[in-house]
>>> print(open('run-v5.txt').read())   # compact mmCIF, C-alpha atoms
# COMPACT_ATOMS: atom_id res chain seq x y z
CA MET P 1 37.27 15.32 186.84
CA SER P 2 36.23 16.33 183.37
CA TYR P 3 35.63 14.71 180.03
CA ILE P 4 38.45 15.08 177.55
CA PHE P 5 36.56 17.24 175.05
CA GLU P 6 36.22 19.87 177.76
CA ALA P 7 40.00 19.75 178.14
CA LEU P 8 40.28 20.40 174.40
CA GLN P 9 38.09 23.48 174.75
CA ARG P 10 40.20 24.79 177.62
CA ALA P 11 43.47 24.10 175.77
CA GLU P 12 42.32 26.01 172.71
CA ALA P 13 40.98 28.88 174.82
CA GLU P 14 44.34 29.16 176.59
CA ARG P 15 46.20 29.06 173.30
CA SER P 16 44.12 31.72 171.62
CA GLY P 17 43.59 33.89 174.70
CA GLY P 18 39.84 33.89 174.24
CA ASN P 19 36.88 31.69 173.46
CA VAL P 20 37.03 28.51 171.42
CA PRO P 21 36.34 29.30 167.74
CA LYS P 22 32.89 28.08 166.75
CA ASP P 23 33.59 27.82 163.03
CA ALA P 24 36.24 25.10 163.21
CA ASP P 25 35.96 22.73 160.26
CA SER P 26 36.45 19.64 162.39
CA VAL P 27 37.80 18.40 165.68
CA VAL P 28 40.87 17.08 163.86
CA ASP P 29 41.64 20.51 162.38
CA LEU P 30 41.30 22.12 165.78
CA LEU P 31 43.54 19.55 167.42
CA LEU P 32 46.19 19.93 164.75
CA LYS P 33 46.29 23.70 165.25
CA VAL P 34 46.74 23.29 168.99
CA GLU P 35 49.41 20.62 168.51
CA GLN P 36 51.35 22.82 166.09
CA GLU P 37 51.33 25.72 168.53
CA ILE P 38 52.54 23.51 171.39
CA ASP P 39 55.26 22.06 169.15
CA ARG P 40 56.38 25.58 168.25
CA LYS P 41 56.60 26.63 171.90
CA GLN P 42 58.45 23.49 172.92
CA ALA P 43 60.88 23.77 170.03
CA LEU P 44 61.80 27.25 171.20
CA SER P 45 62.05 26.27 174.86
CA GLU P 46 64.22 23.19 174.18
CA LEU P 47 66.75 24.73 171.80
CA PRO P 48 69.44 25.03 174.52
CA LEU P 49 69.13 21.29 175.19
CA ALA P 50 70.23 20.41 171.67
CA THR P 51 73.89 20.91 172.52
CA THR P 52 73.72 18.46 175.43
CA ARG P 53 72.27 15.51 173.53
CA ALA P 54 74.44 12.51 172.79
CA VAL P 55 75.96 12.34 169.32
CA SER P 56 75.51 9.36 167.02
CA PRO P 57 76.61 8.72 163.41
CA GLU P 58 73.53 10.72 162.32
CA ALA P 59 74.45 13.95 164.12
CA GLY P 60 72.58 13.43 167.36
CA LYS P 61 69.82 11.20 166.02
CA PHE P 62 69.25 7.69 167.27
CA VAL P 63 70.24 5.06 164.73
CA PRO P 64 67.73 2.18 164.68
CA ALA P 65 68.94 -1.38 165.07
CA LYS P 66 66.39 -2.26 162.40
CA VAL P 67 63.36 -0.74 160.73
CA LEU P 68 60.38 -3.00 161.44
CA LEU P 69 57.37 -3.31 159.18
CA PRO P 70 54.26 -3.83 161.33
CA ALA P 71 52.09 -6.86 160.52
CA LEU P 72 49.05 -5.87 162.54
CA PRO P 73 46.77 -8.67 163.74
CA ALA P 74 43.04 -8.23 163.19
CA ASP P 75 42.45 -7.27 166.83
CA ALA P 76 45.37 -4.80 167.13
CA ARG P 77 43.06 -1.74 167.41
CA LEU P 78 45.92 0.70 166.80
CA VAL P 79 43.56 3.48 165.75
CA CYS P 80 46.28 6.15 165.86
CA LEU P 81 47.99 4.25 163.04
CA THR P 82 45.07 2.87 161.02
CA ASP P 83 42.21 5.33 161.60
CA GLN P 84 43.69 8.72 162.43
CA GLY P 85 40.50 10.57 161.52
CA GLY P 86 38.23 8.47 163.74
CA LEU P 87 36.65 9.33 167.08
CA ALA P 88 38.93 7.09 169.16
CA ALA P 89 42.07 8.59 167.59
CA GLU P 90 40.75 12.08 168.34
CA LYS P 91 40.44 11.16 172.00
CA PHE P 92 44.06 10.06 172.07
CA ARG P 93 44.99 13.40 170.50
CA VAL P 94 43.28 15.21 173.35
CA LEU P 95 45.02 13.01 175.91
CA GLY P 96 48.33 13.81 174.19
CA LEU P 97 47.56 17.53 174.26
CA LYS P 98 46.85 17.43 177.97
CA LEU P 99 50.23 15.78 178.57
CA ARG P 100 52.06 18.26 176.35
CA ASN P 101 50.41 21.19 178.10
CA LEU P 102 51.39 19.71 181.45
CA ARG P 103 54.95 19.28 180.18
CA GLU P 104 55.26 23.05 179.90
CA ARG P 105 54.89 23.34 183.68
CA ARG P 106 56.91 20.35 184.94
CA LYS P 107 59.42 17.70 183.91
CA LEU P 108 57.48 15.06 182.05
CA LYS P 109 59.35 12.59 179.89
CA ARG P 110 58.97 9.15 181.47
CA ILE P 111 55.31 8.14 181.56
CA VAL P 112 54.27 4.80 183.05
CA ILE P 113 51.00 3.29 181.78
CA THR P 114 49.59 0.73 184.20
CA SER P 115 46.32 -0.74 185.49
CA SER P 116 44.91 -2.12 188.69
CA ILE P 117 44.39 -5.66 187.32
CA PRO P 118 45.09 -7.52 184.05
CA GLU P 119 42.87 -7.23 180.96
CA GLU P 120 42.06 -3.54 181.31
CA GLY P 121 43.72 -2.46 178.06
CA LYS P 122 46.85 -0.71 179.34
CA SER P 123 48.96 -1.97 176.41
CA LEU P 124 46.35 -0.74 173.95
CA ILE P 125 46.34 2.70 175.58
CA ALA P 126 50.15 2.84 175.76
CA SER P 127 50.52 1.88 172.08
CA ASN P 128 48.01 4.40 170.78
CA LEU P 129 49.28 7.19 173.01
CA ALA P 130 52.86 6.57 171.83
CA LEU P 131 51.73 6.51 168.19
CA ASN P 132 49.93 9.80 168.70
CA GLN P 133 52.90 11.47 170.41
CA SER P 134 55.21 10.25 167.65
CA ARG P 135 53.32 12.40 165.12
CA SER P 136 55.12 15.47 166.45
CA LYS P 137 57.84 16.87 164.23
CA VAL P 138 59.64 18.26 167.27
CA LEU P 139 59.39 15.66 170.06
CA ASN P 140 60.66 12.10 169.54
CA THR P 141 58.85 9.16 171.14
CA VAL P 142 59.94 5.67 172.18
CA LEU P 143 57.49 3.01 173.35
CA ILE P 144 58.97 0.66 175.97
CA ASP P 145 57.54 -2.73 176.85
CA GLY P 146 58.29 -2.81 180.58
CA ASP P 147 56.25 -5.95 181.22
CA LEU P 148 58.92 -8.64 181.34
CA ARG P 149 56.43 -11.25 182.59
CA ARG P 150 53.70 -11.04 179.94
CA PRO P 151 55.03 -8.79 177.16
CA GLU P 152 52.33 -7.80 174.71
CA LEU P 153 53.52 -4.88 172.62
CA GLY P 154 55.49 -7.03 170.18
CA SER P 155 52.51 -9.21 169.31
CA ARG P 156 50.24 -6.15 169.08
CA PHE P 157 52.46 -4.76 166.30
CA GLY P 158 52.98 -8.21 164.77
CA PHE P 159 56.63 -8.70 165.75
CA SER P 160 58.36 -11.90 166.81
CA ARG P 161 58.33 -12.68 170.55
CA ASN P 162 62.04 -13.54 170.26
CA LEU P 163 62.99 -10.04 169.20
CA PRO P 164 65.85 -8.90 171.53
CA GLY P 165 64.94 -6.00 173.78
CA LEU P 166 64.88 -4.67 177.32
CA SER P 167 65.67 -7.89 179.16
CA GLU P 168 68.81 -8.50 177.08
CA VAL P 169 70.10 -5.00 177.86
CA LEU P 170 69.39 -5.40 181.58
CA ARG P 171 71.24 -8.74 181.59
CA GLY P 172 74.22 -7.12 179.83
CA GLU P 173 73.85 -9.28 176.71
CA ARG P 174 73.07 -6.43 174.29
CA GLN P 175 73.77 -2.73 173.93
CA LEU P 176 70.81 -0.35 173.92
CA ALA P 177 71.46 0.72 170.32
CA GLU P 178 71.03 -2.91 169.24
CA VAL P 179 67.45 -3.28 170.49
CA VAL P 180 65.67 0.01 169.77
CA TYR P 181 63.71 -0.35 166.53
CA LYS P 182 62.02 2.12 164.19
CA LEU P 183 58.43 1.40 163.14
CA GLU P 184 58.16 1.80 159.39
CA GLY P 185 55.53 4.24 158.24
CA SER P 186 55.49 6.23 161.49
CA GLY P 187 57.73 8.33 163.71
CA LEU P 188 57.58 5.78 166.51
CA TRP P 189 60.53 3.91 168.03
CA ILE P 190 60.02 0.71 170.02
CA LEU P 191 62.04 -1.03 172.73
CA PRO P 192 60.42 -4.50 173.10
CA ALA P 193 60.59 -6.57 176.27
CA GLY P 194 62.85 -9.20 174.75
CA VAL P 195 62.92 -12.84 175.78
CA THR P 196 61.13 -13.35 179.11
CA PRO P 197 63.72 -13.90 181.90
CA GLU P 198 63.29 -16.53 184.62
CA ASN P 199 63.30 -13.88 187.36
CA PRO P 200 62.06 -10.53 185.99
CA ILE P 201 62.32 -8.54 189.23
CA GLU P 202 65.92 -9.69 189.76
CA VAL P 203 66.80 -8.55 186.23
CA MET P 204 65.13 -5.18 186.81
CA GLN P 205 67.06 -4.68 190.04
CA SER P 206 70.40 -5.33 188.34
CA GLY P 207 71.21 -1.60 188.51
CA ARG P 208 71.09 -1.00 184.76
CA LEU P 209 67.50 0.25 184.48
CA GLN P 210 68.11 3.84 185.62
CA GLN P 211 71.14 4.12 183.34
CA LEU P 212 69.12 2.77 180.41
CA LEU P 213 66.37 5.39 180.90
CA GLU P 214 68.94 8.16 181.15
CA GLN P 215 70.48 7.01 177.87
CA LEU P 216 67.09 7.03 176.16
CA GLU P 217 66.39 10.53 177.45
CA THR P 218 69.38 11.87 175.53
CA PHE P 219 67.61 10.94 172.28
CA PHE P 220 63.90 10.86 173.06
CA ASP P 221 61.49 13.43 174.49
CA TRP P 222 58.71 10.97 175.39
CA LEU P 223 59.34 7.60 177.03
CA ILE P 224 55.98 5.78 177.11
CA ILE P 225 56.37 2.69 179.33
CA ASP P 226 53.84 -0.15 179.36
CA THR P 227 54.17 -1.97 182.71
CA PRO P 228 52.42 -4.87 184.47
CA PRO P 229 49.34 -4.18 186.61
CA VAL P 230 50.04 -2.46 189.94
CA ARG P 231 49.17 -5.39 192.18
CA PRO P 232 50.39 -7.83 193.36
CA LEU P 233 53.76 -7.58 191.57
CA ALA P 234 56.79 -5.54 192.62
CA ASP P 235 57.76 -4.68 189.03
CA THR P 236 55.45 -1.71 188.54
CA PRO P 237 56.29 0.11 191.82
CA LEU P 238 59.92 -0.07 190.69
CA TRP P 239 59.02 1.51 187.35
CA MET P 240 56.93 4.18 189.08
CA LYS P 241 59.87 5.25 191.24
CA LEU P 242 61.77 6.05 188.05
CA ALA P 243 58.83 7.75 186.27
CA ASP P 244 57.89 11.41 185.94
CA GLY P 245 54.21 10.55 185.77
CA VAL P 246 51.75 7.66 185.93
CA LEU P 247 48.55 7.09 183.95
CA LEU P 248 46.22 4.49 185.43
CA VAL P 249 44.00 2.58 182.99
CA ILE P 250 40.71 1.18 184.23
CA ARG P 251 38.18 -0.72 182.15
CA GLU P 252 34.49 -0.11 182.55
CA ASN P 253 32.64 -3.11 184.04
CA VAL P 254 35.94 -4.90 184.73
CA CYS P 255 37.71 -2.97 187.49
CA GLU P 256 35.96 -3.06 190.87
CA LYS P 257 36.04 -0.23 193.38
CA LYS P 258 38.21 -2.11 195.91
CA GLN P 259 40.74 -3.03 193.23
CA LEU P 260 40.96 0.59 192.12
CA GLU P 261 41.38 1.81 195.70
CA ARG P 262 44.21 -0.66 196.30
CA ALA P 263 45.95 0.45 193.10
CA LEU P 264 45.69 4.11 194.08
CA GLU P 265 47.27 3.32 197.45
CA VAL P 266 50.42 2.16 195.66
CA ILE P 267 50.77 5.15 193.32
CA ASP P 268 52.53 8.23 194.64
CA ALA P 269 50.06 11.13 194.39
CA SER P 270 52.82 13.47 193.18
CA THR P 271 53.33 11.36 190.03
CA MET P 272 49.66 10.55 189.36
CA LEU P 273 48.69 12.22 186.07
CA GLY P 274 45.14 10.88 185.85
CA VAL P 275 42.94 7.97 184.90
CA VAL P 276 42.08 6.66 181.44
CA VAL P 277 38.70 4.92 181.32
CA ASN P 278 38.82 2.23 178.64
CA SER P 279 35.70 1.02 176.78
CA CYS P 280 33.68 3.90 178.17
CA SER P 281 30.04 3.76 177.08
CA SER P 282 29.11 7.36 177.99
CA ASN P 283 27.07 9.17 175.36
CA GLU P 284 27.37 12.62 176.92
CA GLN P 285 29.59 13.79 174.03
CA LYS P 286 27.16 12.74 171.29
CA TYR P 287 26.20 16.27 170.25
CA TYR P 288 29.77 17.56 170.34
CA TYR P 289 31.18 14.91 168.01
CA SER P 290 28.18 14.76 165.69
CA ARG P 291 28.60 18.51 165.13
CA TYR P 292 32.35 18.65 164.51
CA SER P 293 33.20 15.22 163.12
CA PRO P 294 30.64 13.80 160.66
CA ALA P 295 32.65 10.60 160.26
CA ALA P 296 32.59 9.86 163.98
CA ASN P 297 30.22 7.34 165.49
CA PRO P 298 29.09 8.71 168.87
CA GLU P 299 27.78 5.31 169.95
CA GLU P 300 31.21 3.70 169.68
CA SER P 301 32.85 2.75 172.96
CA SER P 302 36.25 4.40 173.33
CA PRO P 303 38.71 5.59 175.95
CA GLU P 304 37.91 8.56 178.17
CA ALA P 305 40.67 10.45 179.98
CA LYS P 306 39.75 11.92 183.32
CA ARG P 307 41.61 13.87 185.91
>>> encode(input="run-v5.txt", output="structure tokens")
Amino acid sequence: MSYIFEALQRAEAERSGGNVPKDADSVVDLLLKVEQEIDRKQALSELPLATTRAVSPEAGKFVPAKVLLPALPADARLVCLTDQGGLAAEKFRVLGLKLRNLRERRKLKRIVITSSIPEEGKSLIASNLALNQSRSKVLNTVLIDGDLRRPELGSRFGFSRNLPGLSEVLRGERQLAEVVYKLEGSGLWILPAGVTPENPIEVMQSGRLQQLLEQLETFFDWLIIDTPPVRPLADTPLWMKLADGVLLVIRENVCEKKQLERALEVIDASTMLGVVVNSCSSNEQKYYYSRYSPAANPEESSPEAKR
């Protein structure tokens, strides 16, 4: 496993065919250059797919049911929306780069974000990762609240809990186009959980979930899915069977070794993308960030992505 800044160095070295440039103005500048190059490559590689995408009134673009203005609560911590130049947002950029590099070698559209137990910050990670991926001018991103038991994404963005979403589509009460919303001020689309059903697993096993994901894939390049914790519910294993990859979120000083081991037993190794360590207190990157990002606070706890 390696710290994410080392992944940044490798990604830039691979892109340039040599050593990482030492005269980069900032980490943000370096990340943007790498992102632009990856976008360029993926735009070229996906041109043939453009003719197979579903057509809407906007010539192949998804038409939002409604454009939502976020009313972020004080504890939202959506750094990829409110503090794009900060240290935490930079770490999400590196995580996004790792996923986009991996996408060049395998099918990777549906990404499940889960945790071993509650309160590890999976919804926070899913939201910021989706916001980061939505910055691309080439690849479209939709954030899906797949936790029909304790939906959190709506409240994190300041939306009403009664906003129709996934559960209404799975029950056949709404069409998909009626419940996918555009987040004003960003390139992100959101499919909320909707009103909590009495029996979530029964709703998910209605047979409509696979069809729904296939529909979304005709319009979106990234499907970031926030799901319940792995154990003891059956919801997340169902999501993982339909996913291209799984990111497991663990929180420092919260997740115990046995809980992590049990979670890993449930996840298929072939879909395991890696682990995101939330609230990591490691200071091993202090020199790196103090050199390249004067505005960054190296003492600040923030997510670490490990593989």
>>> residues_near_point(input="run-v5.txt", point="(49.5, 6.8, 195.4)", cutoff="12 Å", atoms="all atoms listed in the file", output="ChimeraX atom specification")
/P:230,237,240-241,245-248,260-274
>>> atom_distance(input="run-v5.txt", atom1="CA of Ser167 (chain P)", atom2="CA of Thr218 (chain P)")
20.4 Å
>>> closest_residue(input="run-v5.txt", among="P:Lys66, P:Arg251, P:Lys107, P:Arg135", to="Val180 (chain P)", atoms="only C-alpha atoms")
P:Lys66
>>> residues_around(input="run-v5.txt", residues="region 181-185 of chain P", least_positions_apart="5", cutoff="12 Å", atoms="only C-alpha atoms", output="PyMOL selection string")
chain P and resi 62-72+81-82+127+130-131+134-135+140-144+154+157-159+163-166+176+190-193
>>> residues_around(input="run-v5.txt", residues="Ala89 (chain P)", least_positions_apart="4", cutoff="9 Å", atoms="all atoms listed in the file", output="list in words")
Leu78, Val79, Cys80, Leu81, Asp83, Gln84, Gly85, Arg93, Val94, Asn128 and Asn132 of chain P
>>> write_last_selection(input="run-v5.txt", atoms="C-alpha atoms", output="short mmCIF file (atom, residue, chain, number, x, y, z; two decimals), in the coordinates of the input")
data_model
loop_
_atom_site.label_atom_id
_atom_site.label_comp_id
_atom_site.auth_asym_id
_atom_site.auth_seq_id
_atom_site.Cartn_x
_atom_site.Cartn_y
_atom_site.Cartn_z
CA LEU P 78 45.92 0.70 166.80
CA VAL P 79 43.56 3.48 165.75
CA CYS P 80 46.28 6.15 165.86
CA LEU P 81 47.99 4.25 163.04
CA ASP P 83 42.21 5.33 161.60
CA GLN P 84 43.69 8.72 162.43
CA GLY P 85 40.50 10.57 161.52
CA ARG P 93 44.99 13.40 170.50
CA VAL P 94 43.28 15.21 173.35
CA ASN P 128 48.01 4.40 170.78
CA ASN P 132 49.93 9.80 168.70
#
>>> residues_around(input="run-v5.txt", residues="Thr227 (chain P)", least_positions_apart="2", cutoff="9 Å", atoms="all atoms listed in the file", output="JSON, numbers by chain")
{"P": [112, 113, 114, 115, 122, 123, 144, 145, 146, 147, 148, 151, 225, 229, 230, 235, 236, 239]}
>>> atom_distance(input="run-v5.txt", atom1="CA of Leu99 (chain P)", atom2="CA of Ile250 (chain P)")
18.3 Å
>>> atom_distance(input="run-v5.txt", atom1="CA of Val203 (chain P)", atom2="CA of Ser155 (chain P)")
22.2 Å
>>> residues_around(input="run-v5.txt", residues="Gly96 (chain P)", least_positions_apart="5", cutoff="9 Å", atoms="all atoms listed in the file", output="ChimeraX atom specification")
/P:35,91,101,129-130,132-133
>>> decode(input="run-v5.txt", residues="region 213-243 of chain P", atoms="N, CA, C and O atoms", output="mmCIF file, in the first residue's frame")
data_model
loop_
_atom_site.group_PDB
_atom_site.id
_atom_site.type_symbol
_atom_site.label_atom_id
_atom_site.label_comp_id
_atom_site.auth_asym_id
_atom_site.auth_seq_id
_atom_site.Cartn_x
_atom_site.Cartn_y
_atom_site.Cartn_z
ATOM 1 N N LEU P 213 -29.534 0.975 -13.610
ATOM 2 C CA LEU P 213 -28.107 1.264 -13.765
ATOM 3 C C LEU P 213 -27.703 1.278 -15.240
ATOM 4 O O LEU P 213 -26.884 2.098 -15.660
ATOM 5 N N GLU P 214 -28.276 0.381 -16.014
ATOM 6 C CA GLU P 214 -27.970 0.351 -17.441
ATOM 7 C C GLU P 214 -28.464 1.632 -18.129
ATOM 8 O O GLU P 214 -27.798 2.157 -19.022
ATOM 9 N N GLN P 215 -29.618 2.119 -17.707
ATOM 10 C CA GLN P 215 -30.133 3.374 -18.254
ATOM 11 C C GLN P 215 -29.195 4.527 -17.927
ATOM 12 O O GLN P 215 -28.873 5.359 -18.784
ATOM 13 N N LEU P 216 -28.740 4.581 -16.687
ATOM 14 C CA LEU P 216 -27.850 5.660 -16.267
ATOM 15 C C LEU P 216 -26.533 5.614 -17.031
ATOM 16 O O LEU P 216 -25.949 6.655 -17.345
ATOM 17 N N GLU P 217 -26.065 4.421 -17.340
ATOM 18 C CA GLU P 217 -24.797 4.277 -18.049
ATOM 19 C C GLU P 217 -24.854 4.814 -19.480
ATOM 20 O O GLU P 217 -23.815 5.084 -20.073
ATOM 21 N N THR P 218 -26.039 4.954 -20.031
ATOM 22 C CA THR P 218 -26.142 5.519 -21.376
ATOM 23 C C THR P 218 -25.899 7.028 -21.382
ATOM 24 O O THR P 218 -25.640 7.609 -22.436
ATOM 25 N N PHE P 219 -25.984 7.648 -20.196
ATOM 26 C CA PHE P 219 -25.795 9.089 -20.096
ATOM 27 C C PHE P 219 -24.576 9.486 -19.277
ATOM 28 O O PHE P 219 -24.014 10.564 -19.476
ATOM 29 N N PHE P 220 -24.199 8.631 -18.314
ATOM 30 C CA PHE P 220 -23.149 9.007 -17.373
ATOM 31 C C PHE P 220 -21.954 8.051 -17.448
ATOM 32 O O PHE P 220 -22.114 6.854 -17.662
ATOM 33 N N ASP P 221 -20.768 8.621 -17.241
ATOM 34 C CA ASP P 221 -19.528 7.852 -17.309
ATOM 35 C C ASP P 221 -19.081 7.357 -15.942
ATOM 36 O O ASP P 221 -18.355 6.377 -15.840
ATOM 37 N N TRP P 222 -19.481 8.069 -14.888
ATOM 38 C CA TRP P 222 -19.200 7.656 -13.512
ATOM 39 C C TRP P 222 -20.507 7.537 -12.752
ATOM 40 O O TRP P 222 -21.293 8.480 -12.706
ATOM 41 N N LEU P 223 -20.743 6.378 -12.145
ATOM 42 C CA LEU P 223 -21.869 6.173 -11.245
ATOM 43 C C LEU P 223 -21.273 5.918 -9.862
ATOM 44 O O LEU P 223 -20.769 4.835 -9.575
ATOM 45 N N ILE P 224 -21.289 6.945 -9.006
ATOM 46 C CA ILE P 224 -20.747 6.840 -7.656
ATOM 47 C C ILE P 224 -21.911 6.505 -6.726
ATOM 48 O O ILE P 224 -22.842 7.300 -6.576
ATOM 49 N N ILE P 225 -21.858 5.322 -6.093
ATOM 50 C CA ILE P 225 -23.003 4.812 -5.333
ATOM 51 C C ILE P 225 -22.665 4.717 -3.851
ATOM 52 O O ILE P 225 -21.778 3.959 -3.440
ATOM 53 N N ASP P 226 -23.345 5.504 -3.048
ATOM 54 C CA ASP P 226 -23.189 5.454 -1.588
ATOM 55 C C ASP P 226 -24.136 4.387 -1.051
ATOM 56 O O ASP P 226 -25.355 4.475 -1.234
ATOM 57 N N THR P 227 -23.595 3.355 -0.395
ATOM 58 C CA THR P 227 -24.426 2.238 0.082
ATOM 59 C C THR P 227 -24.336 2.112 1.599
ATOM 60 O O THR P 227 -23.483 2.737 2.229
ATOM 61 N N PRO P 228 -25.188 1.283 2.204
ATOM 62 C CA PRO P 228 -25.067 1.038 3.646
ATOM 63 C C PRO P 228 -23.761 0.318 3.961
ATOM 64 O O PRO P 228 -23.071 -0.174 3.062
ATOM 65 N N PRO P 229 -23.390 0.241 5.250
ATOM 66 C CA PRO P 229 -22.223 -0.555 5.636
ATOM 67 C C PRO P 229 -22.377 -2.006 5.188
ATOM 68 O O PRO P 229 -23.497 -2.489 4.964
ATOM 69 N N VAL P 230 -21.253 -2.702 5.060
ATOM 70 C CA VAL P 230 -21.255 -4.066 4.533
ATOM 71 C C VAL P 230 -22.048 -5.025 5.408
ATOM 72 O O VAL P 230 -22.836 -5.834 4.912
ATOM 73 N N ARG P 231 -21.835 -4.958 6.715
ATOM 74 C CA ARG P 231 -22.501 -5.896 7.608
ATOM 75 C C ARG P 231 -23.382 -5.131 8.580
ATOM 76 O O ARG P 231 -23.064 -4.002 8.949
ATOM 77 N N PRO P 232 -24.507 -5.737 9.009
ATOM 78 C CA PRO P 232 -24.982 -7.095 8.728
ATOM 79 C C PRO P 232 -26.064 -7.152 7.656
ATOM 80 O O PRO P 232 -26.776 -8.140 7.547
ATOM 81 N N LEU P 233 -26.237 -6.073 6.875
ATOM 82 C CA LEU P 233 -27.347 -5.969 5.936
ATOM 83 C C LEU P 233 -27.053 -6.686 4.628
ATOM 84 O O LEU P 233 -25.897 -6.889 4.256
ATOM 85 N N ALA P 234 -28.130 -7.029 3.916
ATOM 86 C CA ALA P 234 -27.990 -7.694 2.616
ATOM 87 C C ALA P 234 -27.989 -6.696 1.465
ATOM 88 O O ALA P 234 -27.725 -7.063 0.326
ATOM 89 N N ASP P 235 -28.261 -5.427 1.753
ATOM 90 C CA ASP P 235 -28.367 -4.420 0.701
ATOM 91 C C ASP P 235 -27.055 -4.226 -0.051
ATOM 92 O O ASP P 235 -27.014 -4.238 -1.291
ATOM 93 N N THR P 236 -25.971 -4.050 0.703
ATOM 94 C CA THR P 236 -24.687 -3.735 0.070
ATOM 95 C C THR P 236 -24.146 -4.880 -0.774
ATOM 96 O O THR P 236 -23.636 -4.638 -1.881
ATOM 97 N N PRO P 237 -24.181 -6.147 -0.320
ATOM 98 C CA PRO P 237 -23.755 -7.232 -1.214
ATOM 99 C C PRO P 237 -24.509 -7.249 -2.535
ATOM 100 O O PRO P 237 -23.935 -7.576 -3.579
ATOM 101 N N LEU P 238 -25.779 -6.845 -2.515
ATOM 102 C CA LEU P 238 -26.547 -6.767 -3.755
ATOM 103 C C LEU P 238 -25.996 -5.675 -4.660
ATOM 104 O O LEU P 238 -25.835 -5.877 -5.876
ATOM 105 N N TRP P 239 -25.683 -4.527 -4.086
ATOM 106 C CA TRP P 239 -25.074 -3.446 -4.859
ATOM 107 C C TRP P 239 -23.724 -3.880 -5.429
ATOM 108 O O TRP P 239 -23.399 -3.594 -6.581
ATOM 109 N N MET P 240 -22.931 -4.572 -4.608
ATOM 110 C CA MET P 240 -21.584 -4.952 -5.036
ATOM 111 C C MET P 240 -21.601 -5.935 -6.200
ATOM 112 O O MET P 240 -20.690 -5.941 -7.029
ATOM 113 N N LYS P 241 -22.632 -6.760 -6.277
ATOM 114 C CA LYS P 241 -22.748 -7.686 -7.406
ATOM 115 C C LYS P 241 -22.957 -6.946 -8.722
ATOM 116 O O LYS P 241 -22.621 -7.456 -9.793
ATOM 117 N N LEU P 242 -23.516 -5.747 -8.634
ATOM 118 C CA LEU P 242 -23.798 -4.958 -9.830
ATOM 119 C C LEU P 242 -22.718 -3.923 -10.118
ATOM 120 O O LEU P 242 -22.799 -3.195 -11.103
ATOM 121 N N ALA P 243 -21.691 -3.845 -9.251
ATOM 122 C CA ALA P 243 -20.664 -2.807 -9.360
ATOM 123 C C ALA P 243 -19.466 -3.269 -10.164
ATOM 124 O O ALA P 243 -19.175 -4.462 -10.257
#
